[in-house]
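One file, protein-v7.cif, is given below (mmCIF, C-alpha atoms).
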data_data
loop_
_atom_site.label_atom_id
_atom_site.label_comp_id
_atom_site.auth_asym_id
_atom_site.auth_seq_id
_atom_site.Cartn_x
_atom_site.Cartn_y
_atom_site.Cartn_z
CA MET A 235 6.30 12.10 24.22
CA PRO A 236 9.22 10.07 22.89
CA ARG A 237 11.50 8.72 25.60
CA MET A 238 14.96 7.32 25.12
CA THR A 239 18.38 7.21 26.73
CA ILE A 240 20.94 9.60 25.27
CA ASN A 241 24.53 9.41 26.46
CA ASP A 242 23.45 7.29 29.45
CA ARG A 243 20.77 9.80 30.52
CA PRO A 244 17.04 9.12 30.23
CA VAL A 245 15.33 11.91 28.28
CA GLU A 246 11.85 12.73 27.11
CA PHE A 247 11.20 15.04 24.17
CA ASP A 248 8.12 17.24 24.01
CA LEU A 249 8.38 17.27 20.22
CA ASP A 250 6.62 15.80 17.19
CA PRO A 251 7.40 12.04 17.15
CA ASP A 252 7.91 12.30 13.38
CA MET A 253 10.80 14.75 13.81
CA PRO A 254 14.16 13.30 12.78
CA LEU A 255 16.35 12.44 15.74
CA LEU A 256 19.04 14.71 14.26
CA PHE A 257 17.02 17.86 14.88
CA ALA A 258 15.98 16.83 18.38
CA LEU A 259 19.62 16.19 19.29
CA ARG A 260 20.89 19.46 17.84
CA GLU A 261 18.05 21.86 18.56
CA ALA A 262 16.38 20.51 21.68
CA ALA A 263 19.19 18.66 23.46
CA ASN A 264 21.95 21.07 22.35
CA LEU A 265 24.13 18.13 21.33
CA THR A 266 25.55 19.93 18.31
CA GLY A 267 28.41 17.52 17.64
CA THR A 268 25.94 15.61 15.49
CA LYS A 269 26.10 17.56 12.23
CA ASN A 270 23.39 18.29 9.66
CA GLY A 271 24.87 17.67 6.25
CA GLY A 272 21.61 18.02 4.36
CA GLY A 273 19.83 14.96 5.68
CA GLY A 274 16.92 13.11 4.23
CA THR A 275 16.54 9.66 2.77
CA ASP A 276 19.27 10.29 0.21
CA CYS A 277 21.83 11.32 2.84
CA SER A 278 25.31 10.19 1.90
CA CYS A 279 27.51 12.41 4.05
CA GLY A 280 27.05 10.57 7.36
CA ALA A 281 27.88 13.68 9.39
CA CYS A 282 24.83 12.96 11.57
CA THR A 283 25.86 9.41 12.49
CA VAL A 284 25.16 8.34 16.07
CA ILE A 285 25.21 4.94 17.74
CA VAL A 286 21.75 3.51 18.38
CA ASP A 287 21.67 0.30 20.41
CA GLY A 288 25.25 -0.45 19.32
CA THR A 289 24.72 0.23 15.62
CA ALA A 290 25.91 3.29 13.72
CA LEU A 291 22.85 4.99 12.21
CA ARG A 292 22.29 8.29 10.47
CA SER A 293 20.17 10.36 12.80
CA CYS A 294 18.56 12.22 9.87
CA ARG A 295 16.94 8.94 8.84
CA ILE A 296 15.43 7.92 12.18
CA THR A 297 12.46 9.66 13.77
CA LEU A 298 11.93 10.29 17.45
CA ALA A 299 9.17 7.67 17.36
CA GLU A 300 11.63 5.13 15.93
CA ALA A 301 14.16 6.07 18.62
CA GLU A 302 11.60 5.47 21.39
CA GLY A 303 13.07 3.31 24.16
CA ARG A 304 16.48 3.02 22.52
CA PHE A 305 19.98 3.79 23.76
CA ILE A 306 21.67 6.53 21.75
CA THR A 307 25.27 7.68 21.97
CA THR A 308 26.38 10.93 20.35
CA ILE A 309 29.94 12.16 19.92
CA GLU A 310 29.54 14.08 23.20
CA GLY A 311 28.81 10.84 25.03
CA LEU A 312 31.45 8.65 23.43
CA SER A 313 33.99 9.67 26.07
CA ARG A 314 33.62 12.61 28.39
CA ASP A 315 37.32 13.48 28.24
CA ARG A 316 37.89 12.66 24.53
CA SER A 317 39.97 9.64 25.52
CA HIS A 318 38.22 7.08 23.32
CA PRO A 319 40.93 5.26 21.34
CA LEU A 320 39.46 6.39 18.01
CA GLN A 321 39.28 10.03 19.06
CA GLN A 322 42.91 9.84 20.14
CA ALA A 323 43.97 8.00 16.97
CA MET A 324 42.21 10.54 14.74
CA VAL A 325 44.33 13.28 16.34
CA ALA A 326 47.54 11.22 16.31
CA GLU A 327 47.12 10.26 12.63
CA GLN A 328 46.10 13.81 11.65
CA ALA A 329 42.92 12.39 10.14
CA ILE A 330 40.92 15.57 10.71
CA GLN A 331 40.78 18.41 8.22
CA CYS A 332 37.75 20.70 8.31
CA GLY A 333 36.17 18.61 11.08
CA PHE A 334 32.58 18.81 9.83
CA CYS A 335 32.20 15.11 9.07
CA THR A 336 34.55 13.97 11.85
CA PRO A 337 31.90 13.27 14.55
CA GLY A 338 29.94 11.00 12.21
CA ILE A 339 33.09 9.21 11.10
CA VAL A 340 34.20 8.71 14.70
CA MET A 341 30.80 7.30 15.66
CA ALA A 342 30.71 4.90 12.70
CA GLY A 343 34.28 3.82 13.47
CA ALA A 344 33.60 3.41 17.18
CA ALA A 345 30.62 1.15 16.43
CA LEU A 346 32.83 -0.91 14.10
CA LEU A 347 35.61 -1.23 16.68
CA GLU A 348 33.11 -2.34 19.32
CA ARG A 349 32.12 -5.24 17.04
CA ASN A 350 35.55 -5.87 15.53
CA PRO A 351 38.68 -4.49 17.23
CA ALA A 352 40.90 -5.64 14.35
CA PRO A 353 39.03 -4.57 11.19
CA SER A 354 40.47 -4.97 7.72
CA ARG A 355 40.57 -2.08 5.27
CA ALA A 356 37.49 -3.57 3.58
CA ASP A 357 35.69 -3.71 6.94
CA ILE A 358 36.54 -0.04 7.54
CA GLU A 359 35.40 1.03 4.07
CA GLN A 360 32.10 -0.81 4.53
CA ALA A 361 31.47 0.50 8.06
CA ILE A 362 32.42 4.11 7.28
CA PRO A 363 30.79 5.10 3.99
CA ASN A 364 30.74 8.75 5.12
CA ASP A 365 31.61 11.35 2.51
CA CYS A 366 34.67 13.37 3.45
CA ARG A 367 35.67 15.83 0.80
CA CYS A 368 38.94 16.75 2.54
CA GLY A 369 40.73 13.62 1.30
CA VAL A 370 41.70 12.16 4.66
CA PHE A 371 40.46 8.63 3.99
CA PRO A 372 43.94 6.97 3.99
CA ARG A 373 44.72 8.61 7.35
CA LEU A 374 41.24 7.70 8.59
CA VAL A 375 41.88 4.03 7.80
CA ARG A 376 45.18 4.21 9.70
CA ALA A 377 43.41 5.88 12.62
CA VAL A 378 40.77 3.13 12.86
CA GLU A 379 43.43 0.43 12.61
CA ARG A 380 45.50 2.17 15.28
CA ALA A 381 42.51 2.61 17.57
CA GLY A 382 41.90 -1.11 17.28
CA ARG A 383 45.46 -1.82 18.39
CA VAL A 384 45.02 0.59 21.30
CA ALA A 385 41.74 -1.07 22.30
CA GLN A 386 43.54 -4.43 22.25
CA ARG A 387 46.32 -2.89 24.39
CA ARG A 388 48.94 -3.60 21.72
CA GLU A 389 49.77 0.11 21.39
CA SER A 390 49.24 3.35 23.27
CA ILE A 391 48.51 6.91 22.18
CA SER A 392 49.29 10.09 24.03
CA ALA A 393 47.41 12.57 21.82
CA ALA A 394 45.88 15.45 23.73
CA PRO A 395 42.09 15.57 23.97
CA ALA A 396 40.39 18.42 22.18
CA PRO A 397 38.88 21.18 24.31
CA GLY A 398 35.13 21.47 24.60
CA ILE A 399 32.14 21.37 26.84
CA GLU A 400 31.24 18.45 29.03
CA ALA A 401 28.50 16.27 27.55
CA ALA A 402 26.57 16.48 30.83
CA ASP A 403 26.50 20.27 30.50
CA ALA A 404 25.32 20.29 26.89
CA ALA A 405 21.67 19.43 27.52
CA GLN A 406 20.92 21.64 30.52
CA ASN A 407 17.94 23.99 30.70
CA VAL A 408 16.43 23.12 27.33
CA PRO A 409 12.59 23.47 27.34
CA ALA A 410 11.77 20.71 24.82
CA LEU A 411 13.92 18.18 26.65
CA ARG A 412 13.12 16.76 30.04
CA VAL A 413 15.41 14.62 32.12
CA PRO A 414 13.04 12.49 34.18
CA GLU A 415 13.59 12.34 37.91
CA ALA A 416 14.89 9.04 39.22
CA PRO A 417 12.05 6.98 40.72
CA GLU A 418 12.00 6.85 44.50
CA GLU A 419 12.64 3.47 46.00
#
Would you encode the structure as structure tokens?
Amino acid sequence: MPRMTINDRPVEFDLDPDMPLLFALREAANLTGTKNGGGGTDCSCGACTVIVDGTALRSCRITLAEAEGRFITTIEGLSRDRSHPLQQAMVAEQAIQCGFCTPGIVMAGAALLERNPAPSRADIEQAIPNDCRCGVFPRLVRAVERAGRVAQRRESISAAPAPGIEAADAAQNVPALRVPEAPEE
């Protein structure tokens, strides 16, 4: 059974190891912020992007077996109160339209900002190749740049966090997912 850490919680999936991580996250762990935009090896939308060991990866392209032992962060685990600088900057810059691709964009941008808090436009374009058909890319670039300034404490944002469920509540009572008990000392 594939074991990994998702949003700082150890989990074990009683699922086929060849299943894409995307489906395990959405269907077994109930972490539905990771979107299914069609998936597969030709995926270009990036709506399913998660952070795996610090790198933004498309969860439709990685199997549970490949995720074994790795640390995965989904949009639900990025910040429990939606206070991550990029989440706040996306709201402040009005860089969200339909919202379908937004979680993947935020995860790709967050991974970029972790590596480079002052990315250039070229850095942003390379790190966030996600397809967004709503036409928000100029505002998205501004949001990533602004989030970098916030992370460097050169600016602040007071955008309100979006409502939603707590990430810790999202994966409760799901039969294919087990949260291992902490070992006794």
Hey, which bits of region 255-331 of chain A sit within 7 Å of region 347-366 of chain A, and for each residue what's the closest pair of atoms and how far apart in Å (one decimal), counting only C-alpha atoms, rows by chain and increasing number, as CSV?
residue,atom,partner,partner_atom,distance
A:Ser278,CA,A:Asp365,CA,6.4
A:Cys279,CA,A:Asp365,CA,4.5
A:Gly280,CA,A:Asn364,CA,4.7
Quiz item: Residues at most 6 Å from Arg237 (chain A), counting only C-alpha atoms, excluding those fewer than 3 positions away in the same chain, as a VMD selection string?
Solution: chain A and resid 245 to 246 302 to 303
Quiz prompt | Selected residue, from A:Cys282, A:Ile330, A:Ile339, A:Cys368, that lies nearest to Arg260 (chain A) when counting only C-alpha atoms | solution = A:Cys282
Quiz item: Selected by the PyMOL selection byres ((chain A and resi 377-390) around 10) in the shown coordinates: which residues, as a ChimeraX atom specification?
Solution: /A:318-329,339-340,343-344,346-348,350-355,358,371-376,391-393
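Picture a line from CA of Phe334 (chain A) to CA of Gly288 (chain A); it runs 22.7 Å.
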Self-check item: Chain and number of each residue from the PyMOL selection byres ((chain A and resi 297) around 12), as a PyMOL selection string
Solution: chain A and resi 236-238+247+249-259+274-275+291-296+298-302+304
Given the file shown, enumerate the residues that the PyMOL selection byres ((chain A and resi 266) around 12) captures and present them as a PDB file with C-alpha atoms, keeping the file's coordinate frame.
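Final output, out_26.pdb:
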ATOM      1  CA  LEU A 256      19.040  14.710  14.260  1.00  0.00           C
ATOM      2  CA  PHE A 257      17.020  17.860  14.880  1.00  0.00           C
ATOM      3  CA  ALA A 258      15.980  16.830  18.380  1.00  0.00           C
ATOM      4  CA  LEU A 259      19.620  16.190  19.290  1.00  0.00           C
ATOM      5  CA  ARG A 260      20.890  19.460  17.840  1.00  0.00           C
ATOM      6  CA  GLU A 261      18.050  21.860  18.560  1.00  0.00           C
ATOM      7  CA  ALA A 262      16.380  20.510  21.680  1.00  0.00           C
ATOM      8  CA  ALA A 263      19.190  18.660  23.460  1.00  0.00           C
ATOM      9  CA  ASN A 264      21.950  21.070  22.350  1.00  0.00           C
ATOM     10  CA  LEU A 265      24.130  18.130  21.330  1.00  0.00           C
ATOM     11  CA  GLY A 267      28.410  17.520  17.640  1.00  0.00           C
ATOM     12  CA  THR A 268      25.940  15.610  15.490  1.00  0.00           C
ATOM     13  CA  LYS A 269      26.100  17.560  12.230  1.00  0.00           C
ATOM     14  CA  ASN A 270      23.390  18.290   9.660  1.00  0.00           C
ATOM     15  CA  ALA A 281      27.880  13.680   9.390  1.00  0.00           C
ATOM     16  CA  CYS A 282      24.830  12.960  11.570  1.00  0.00           C
ATOM     17  CA  VAL A 284      25.160   8.340  16.070  1.00  0.00           C
ATOM     18  CA  THR A 308      26.380  10.930  20.350  1.00  0.00           C
ATOM     19  CA  ILE A 309      29.940  12.160  19.920  1.00  0.00           C
ATOM     20  CA  GLU A 310      29.540  14.080  23.200  1.00  0.00           C
ATOM     21  CA  GLY A 311      28.810  10.840  25.030  1.00  0.00           C
ATOM     22  CA  PHE A 334      32.580  18.810   9.830  1.00  0.00           C
ATOM     23  CA  PRO A 337      31.900  13.270  14.550  1.00  0.00           C
ATOM     24  CA  GLY A 338      29.940  11.000  12.210  1.00  0.00           C
ATOM     25  CA  GLY A 398      35.130  21.470  24.600  1.00  0.00           C
ATOM     26  CA  ILE A 399      32.140  21.370  26.840  1.00  0.00           C
ATOM     27  CA  ALA A 401      28.500  16.270  27.550  1.00  0.00           C
ATOM     28  CA  ALA A 404      25.320  20.290  26.890  1.00  0.00           C
ATOM     29  CA  ALA A 405      21.670  19.430  27.520  1.00  0.00           C
TER      30      ALA A 405
END
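Between CA of Ile306 (chain A) and CA of Arg243 (chain A) the separation is 9.4 Å.
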Quiz item: Quick one, how far is CA of Ile285 (chain A) from CA of Phe305 (chain A)?
Solution: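 The value is 8.1 Å.
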Exercise. Tell me which of A:Ser313, A:Thr239, A:Ala290, A:Gly272 sits closest to Met341 (chain A), counting all atoms listed in the file.
Key: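 Looking only at the distances to Met341 (chain A), the closest residue turns out to be A:Ala290.
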